[in-house]
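Data block for work35.cif (mmCIF, C-alpha atoms):
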```cif
data_upload
#
loop_
_atom_site.label_atom_id
_atom_site.label_comp_id
_atom_site.auth_asym_id
_atom_site.auth_seq_id
_atom_site.Cartn_x
_atom_site.Cartn_y
_atom_site.Cartn_z
CA MET A 67 69.49 195.72 -46.07
CA ARG A 68 67.29 198.57 -44.94
CA VAL A 69 68.95 201.18 -42.72
CA LEU A 70 66.79 203.59 -40.72
CA TYR A 71 67.88 206.80 -38.97
CA PHE A 72 65.98 208.71 -36.30
CA ALA A 73 66.02 212.11 -34.58
CA TRP A 74 69.25 214.15 -35.06
CA VAL A 75 70.97 211.22 -36.74
CA ARG A 76 68.25 211.30 -39.43
CA GLU A 77 68.70 215.06 -39.85
CA ALA A 78 72.50 214.85 -39.97
CA VAL A 79 72.53 212.03 -42.53
CA GLY A 80 69.83 213.74 -44.58
CA THR A 81 67.45 210.78 -44.94
CA GLY A 82 65.30 208.63 -42.69
CA GLU A 83 65.72 205.43 -44.61
CA GLU A 84 67.85 203.86 -47.31
CA VAL A 85 68.67 200.47 -48.79
CA VAL A 86 72.36 199.58 -48.69
CA ASP A 87 74.43 196.58 -49.73
CA PRO A 88 77.56 196.49 -47.55
CA PRO A 89 80.40 194.10 -48.50
CA ALA A 90 80.62 190.71 -46.78
CA GLY A 91 83.32 191.89 -44.37
CA VAL A 92 80.91 194.29 -42.67
CA GLY A 93 79.70 191.99 -39.92
CA THR A 94 78.56 194.13 -36.98
CA VAL A 95 76.60 197.32 -36.34
CA ASP A 96 79.91 199.05 -35.51
CA ALA A 97 81.42 197.90 -38.82
CA LEU A 98 78.30 199.03 -40.67
CA ILE A 99 78.60 202.48 -39.09
CA ASP A 100 82.29 202.63 -40.12
CA TRP A 101 81.33 201.67 -43.67
CA LEU A 102 78.49 204.21 -43.81
CA ALA A 103 80.78 206.93 -42.42
CA ASP A 104 82.93 206.59 -45.55
CA ARG A 105 80.00 207.53 -47.77
CA GLY A 106 80.42 211.27 -47.27
CA ASP A 107 80.91 214.19 -44.93
CA ALA A 108 77.32 214.15 -43.66
CA TYR A 109 77.65 210.51 -42.59
CA ALA A 110 81.13 211.01 -41.14
CA HIS A 111 79.85 213.94 -39.11
CA ALA A 112 76.72 212.11 -37.89
CA PHE A 113 78.71 209.07 -36.78
CA ALA A 114 81.80 210.88 -35.40
CA ASP A 115 80.94 210.30 -31.73
CA ARG A 116 80.03 206.65 -31.34
CA THR A 117 79.10 207.12 -27.66
CA ARG A 118 76.06 209.16 -28.79
CA LEU A 119 74.70 206.36 -31.00
CA ARG A 120 72.38 203.46 -30.24
CA ALA A 121 71.10 200.77 -32.59
CA ALA A 122 68.44 198.19 -33.25
CA VAL A 123 68.73 195.10 -35.45
CA ASP A 124 65.43 193.87 -36.85
CA GLN A 125 63.66 196.20 -34.39
CA ALA A 126 65.37 194.90 -31.23
CA PHE A 127 67.72 197.22 -29.25
CA VAL A 128 71.28 195.84 -29.34
CA PRO A 129 74.84 196.87 -28.38
CA LEU A 130 76.88 198.26 -31.30
CA GLY A 131 79.07 195.14 -31.36
CA THR A 132 76.14 192.97 -32.39
CA SER A 133 76.25 190.92 -35.59
CA ILE A 134 74.17 192.06 -38.54
CA ALA A 135 74.43 188.71 -40.34
CA GLY A 136 71.06 187.95 -41.92
CA ALA A 137 69.52 191.22 -40.71
CA THR A 138 66.94 192.88 -42.93
CA GLU A 139 66.65 196.14 -40.96
CA VAL A 140 69.19 198.08 -38.93
CA ALA A 141 68.29 201.35 -37.17
CA ILE A 142 70.81 203.92 -35.90
CA PHE A 143 69.66 206.64 -33.50
CA PRO A 144 70.50 208.72 -30.40
CA PRO A 145 69.71 207.58 -26.83
CA VAL A 146 65.92 207.61 -26.44
CA THR A 147 64.04 210.42 -24.67
CA GLY A 148 60.37 209.39 -24.50
CA GLY A 149 57.86 209.46 -21.67
CA MET B 283 44.76 192.46 -20.75
CA ILE B 284 47.49 194.50 -22.42
CA ARG B 285 46.67 197.64 -24.36
CA ILE B 286 49.36 199.60 -26.25
CA VAL B 287 48.51 202.77 -28.18
CA VAL B 288 50.99 205.02 -30.04
CA SER B 289 49.10 207.81 -31.75
CA PRO B 290 49.02 211.56 -32.47
CA ASP B 291 45.56 211.78 -30.87
CA PRO B 292 45.00 213.41 -27.45
CA ILE B 293 44.97 210.90 -24.57
CA ASP B 294 41.57 210.12 -23.01
CA VAL B 295 42.59 209.39 -19.41
CA ALA B 296 39.06 208.69 -18.11
CA GLY B 297 38.31 206.26 -20.93
CA GLU B 298 41.62 204.44 -20.48
CA LEU B 299 41.18 204.14 -16.70
CA ASP B 300 37.68 202.71 -17.22
CA ARG B 301 39.18 200.06 -19.52
CA VAL B 302 41.66 198.75 -16.94
CA GLU B 303 38.92 198.18 -14.32
CA VAL B 304 38.67 194.55 -15.34
CA ALA B 305 37.51 191.44 -13.49
CA GLY B 306 39.98 190.39 -10.81
CA ALA B 307 41.34 193.90 -10.28
CA GLY B 308 41.11 195.38 -6.78
CA ALA B 309 43.50 198.25 -7.43
CA VAL B 310 44.24 200.58 -10.33
CA ALA B 311 47.33 202.83 -10.49
CA SER B 312 48.20 205.33 -13.19
CA PHE B 313 50.87 207.80 -14.24
CA THR B 314 50.25 210.70 -16.61
CA GLY B 315 53.14 212.64 -18.16
CA LEU B 316 52.48 216.21 -19.32
CA VAL B 317 54.49 218.57 -21.52
CA ARG B 318 56.38 221.05 -19.30
CA ALA B 319 57.02 224.64 -20.36
CA ASP B 320 60.50 224.58 -18.67
CA ALA B 321 61.99 228.02 -19.33
CA ASP B 322 65.67 227.97 -20.38
CA ALA B 323 68.43 230.28 -19.10
CA GLY B 324 67.13 232.99 -21.43
CA GLY B 325 63.62 232.69 -20.03
CA ARG B 326 62.23 231.10 -23.18
CA GLY B 327 59.73 228.35 -22.44
CA VAL B 328 58.92 225.37 -24.63
CA GLY B 329 56.38 226.36 -27.28
CA VAL B 330 56.09 223.03 -29.08
CA LEU B 331 57.33 219.58 -28.12
CA GLU B 332 57.52 217.06 -30.95
CA LEU B 333 57.76 213.33 -30.39
CA GLU B 334 59.36 211.12 -33.06
CA HIS B 335 59.26 207.32 -32.80
CA TYR B 336 60.23 204.11 -34.59
CA PRO B 337 56.97 202.65 -35.91
CA GLY B 338 56.69 198.95 -35.24
CA ALA B 339 59.67 198.79 -32.89
CA THR B 340 57.94 201.21 -30.50
CA GLU B 341 54.83 199.07 -30.16
CA ALA B 342 56.97 195.93 -29.81
CA ALA B 343 59.08 197.49 -27.04
CA LEU B 344 56.04 198.71 -25.11
CA THR B 345 54.30 195.35 -25.48
CA ALA B 346 57.38 193.54 -24.17
CA LEU B 347 57.52 195.86 -21.13
CA ALA B 348 53.80 195.38 -20.43
CA GLN B 349 54.19 191.60 -20.72
CA GLU B 350 57.12 191.66 -18.30
CA ALA B 351 55.17 193.82 -15.81
CA THR B 352 52.13 191.53 -16.11
CA ARG B 353 54.27 188.49 -15.37
CA ARG B 354 56.19 190.09 -12.51
CA TRP B 355 53.20 191.59 -10.66
CA GLN B 356 50.40 189.30 -11.89
CA LEU B 357 48.54 192.24 -13.40
CA ALA B 358 44.92 191.99 -14.45
CA ALA B 359 45.50 194.80 -16.97
CA ALA B 360 48.29 197.03 -18.26
CA THR B 361 47.84 199.99 -20.59
CA VAL B 362 50.47 202.26 -22.15
CA VAL B 363 49.31 205.15 -24.32
CA HIS B 364 52.03 207.38 -25.80
CA ARG B 365 51.34 210.37 -27.95
CA VAL B 366 53.56 211.23 -30.94
CA GLY B 367 53.84 214.30 -33.19
CA PRO B 368 53.63 217.94 -32.09
CA MET B 369 52.11 218.93 -28.74
CA HIS B 370 52.05 221.91 -26.39
CA PRO B 371 52.76 222.62 -22.69
CA GLY B 372 50.08 221.16 -20.44
CA GLU B 373 49.08 218.44 -22.90
CA ARG B 374 49.43 214.76 -22.04
CA ILE B 375 52.37 212.87 -23.57
CA VAL B 376 52.01 209.49 -21.90
CA LEU B 377 49.63 207.48 -19.75
CA VAL B 378 50.50 204.25 -17.95
CA ALA B 379 47.72 202.41 -16.11
CA THR B 380 47.94 199.11 -14.27
CA ALA B 381 45.35 196.94 -12.52
CA ALA B 382 46.14 194.24 -9.98
CA ALA B 383 44.48 192.49 -7.07
CA HIS B 384 46.14 194.81 -4.53
CA ARG B 385 47.63 198.31 -4.50
CA ALA B 386 51.32 197.46 -4.01
CA ALA B 387 51.47 195.45 -7.23
CA ALA B 388 49.53 198.07 -9.21
CA LEU B 389 51.70 200.94 -7.92
CA ASP B 390 55.04 199.14 -8.38
CA ALA B 391 54.13 197.91 -11.87
CA CYS B 392 53.07 201.43 -12.88
CA ALA B 393 56.41 202.89 -11.71
CA TYR B 394 58.28 200.07 -13.45
CA LEU B 395 56.53 200.72 -16.75
CA ILE B 396 57.19 204.45 -16.87
CA ASP B 397 60.81 204.04 -15.69
CA ARG B 398 61.57 201.37 -18.29
CA LEU B 399 59.66 203.19 -21.05
CA LYS B 400 62.04 206.14 -20.59
CA THR B 401 65.10 204.02 -21.50
CA ASP B 402 63.73 201.11 -23.56
CA ALA B 403 61.17 202.54 -25.99
CA PRO B 404 62.31 204.33 -29.17
CA PHE B 405 60.91 207.84 -28.76
CA TRP B 406 62.81 211.10 -29.27
CA LYS B 407 61.74 214.57 -28.12
CA ARG B 408 62.47 217.79 -29.95
CA GLU B 409 61.55 221.07 -28.30
CA THR B 410 61.05 224.46 -29.87
CA ARG B 411 61.73 227.62 -27.85
CA GLY B 412 61.33 231.03 -29.39
CA GLY B 413 61.73 229.72 -32.93
CA THR B 414 64.76 227.52 -32.17
CA SER B 415 64.43 223.73 -32.21
CA SER B 416 66.70 221.27 -30.45
CA TRP B 417 66.71 217.56 -29.66
CA VAL B 418 66.33 216.75 -25.97
CA GLU B 419 69.38 214.97 -24.52
CA ALA B 420 68.90 211.70 -22.62
CA LYS B 421 69.39 211.97 -18.84
CA ASP B 422 71.62 209.71 -16.72
CA SER B 423 68.93 209.89 -14.01
CA ASP B 424 66.58 208.01 -16.34
CA ASP B 425 69.11 205.17 -16.65
CA THR B 426 69.42 205.11 -12.87
CA ALA B 427 65.64 204.97 -12.44
CA ALA B 428 65.32 202.11 -14.93
CA ALA B 429 68.25 200.20 -13.40
CA ARG B 430 66.56 199.88 -10.00
CA TRP B 431 64.07 197.42 -11.53
CA ARG B 432 66.71 194.92 -12.68
CA ASP B 433 66.35 191.68 -10.78
#
```

Using structure tokens, write down the structure from this file.
Amino acid sequence: MRVLYFAWVREAVGTGEEVVDPPAGVGTVDALIDWLADRGDAYAHAFADRTRLRAAVDQAFVPLGTSIAGATEVAIFPPVTGG
Amino acid sequence: MIRIVVSPDPIDVAGELDRVEVAGAGAVASFTGLVRADADAGGRGVGVLELEHYPGATEAALTALAQEATRRWQLAAATVVHRVGPMHPGERIVLVATAAAHRAAALDACAYLIDRLKTDAPFWKRETRGGTSSWVEAKDSDDTAAARWRD
């Protein structure tokens, strides 16, 4: 599964994109974030305040409780500020 | 006709407005967003504004919004052009243009597109003031503006 990070989340994690292979029990975006947060201090810090995070699964905006079953791409980012 | 452009190039407003004057259109409305200098408490204005986006997902989100606006207001044309990368105060960030048979549909659809773009398209702004960069925080007022279009 490809995981993408944008804006300050990308800077905090230290990469814009990585390929990960979470265990079968990681079934939602929230669970994926929990699993990623265990990978190190940078991740734990980036994901500490869940209210500041938004996500997309296969390029569609979704709530953090959404399933990632079968997903090929998950993106984690702050609330958007375009326009 | 739907036209979506996400690019680092400057926005050609006149050219884009010409393009939405299509057959069946009796009214064209547009919104242009510019980079503001917005001085902070220390009097330091924005020197550079940088726009990051999510390639692929950005175009898909803007296309979905334009399709929804076209359906809701029977638009003859809808264009969204959004600049990305570094830009400076006074430069254009975004252009929305809509064409419909009559003005009310063109004006409402234009407002809808810019309001929804603010909350539904994956762009992030970072501003630099006096050598210090920071990510722009999302505003609750943008959510409120987008929410008024829910039917």

Let me know the residues the PyMOL selection byres ((chain B and resi 360-366) around 8) catches in the file above, as a count of residues only. 35

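Coordinates place atom CA of B:Met369 at a distance of 14.3 Å from atom CA of B:Asp320.
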
Could you tell me which residues the PyMOL selection byres ((chain B) within 6 of (chain A)) grabs in this file, written as a CSV table (one decimal) with C-alpha atoms, in the coordinates of the input?
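Everything below was put into out.csv:
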```csv
chain,number,residue,atom,x,y,z
B,339,ALA,CA,59.7,198.8,-32.9
B,376,VAL,CA,52.0,209.5,-21.9
B,400,LYS,CA,62.0,206.1,-20.6
B,404,PRO,CA,62.3,204.3,-29.2
B,405,PHE,CA,60.9,207.8,-28.8
B,406,TRP,CA,62.8,211.1,-29.3
B,407,LYS,CA,61.7,214.6,-28.1
B,420,ALA,CA,68.9,211.7,-22.6
```

Can you pull out the residues contacting stretch 92-96 of chain A? Cut-off 8 Å, using all atoms listed in the file, and skip same-chain residues under 2 positions away; I want them as a VMD selection string. chain A and resid 88 to 90 98 to 101 121 130 to 135 140

Which is closer to A:Glu83 than all the others in A:Glu139, A:Pro129, A:Leu119, A:Ala110, using only C-alpha atoms? A:Glu139

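Picture a line from atom CA of A:Ala97 to atom CA of A:Ala78; it runs 19.2 Å.
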
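Here the residues that fall within 12 Å of (46.0, 186.6, -3.0), using all atoms listed in the file, are given as Gly306, Ala307, Gly308, Trp355, Gln356, Ala382, Ala383, His384, Arg385 and Ala387 of chain B.
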
For atom CA of B:Val330 and atom CA of B:Ser415, determine how far apart the two atoms are, in Å to one decimal place. 8.9 Å

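Run against this file, the PyMOL selection byres ((chain B and resi 424) around 12) gives back A:Pro145, A:Val146, A:Thr147, A:Gly148, A:Gly149, B:Tyr394, B:Ile396, B:Asp397, B:Arg398, B:Leu399, B:Lys400, B:Thr401, B:Asp402, B:Glu419, B:Ala420, B:Lys421, B:Asp422, B:Ser423, B:Asp425, B:Thr426, B:Ala427, B:Ala428, B:Ala429, B:Arg430, B:Trp431.
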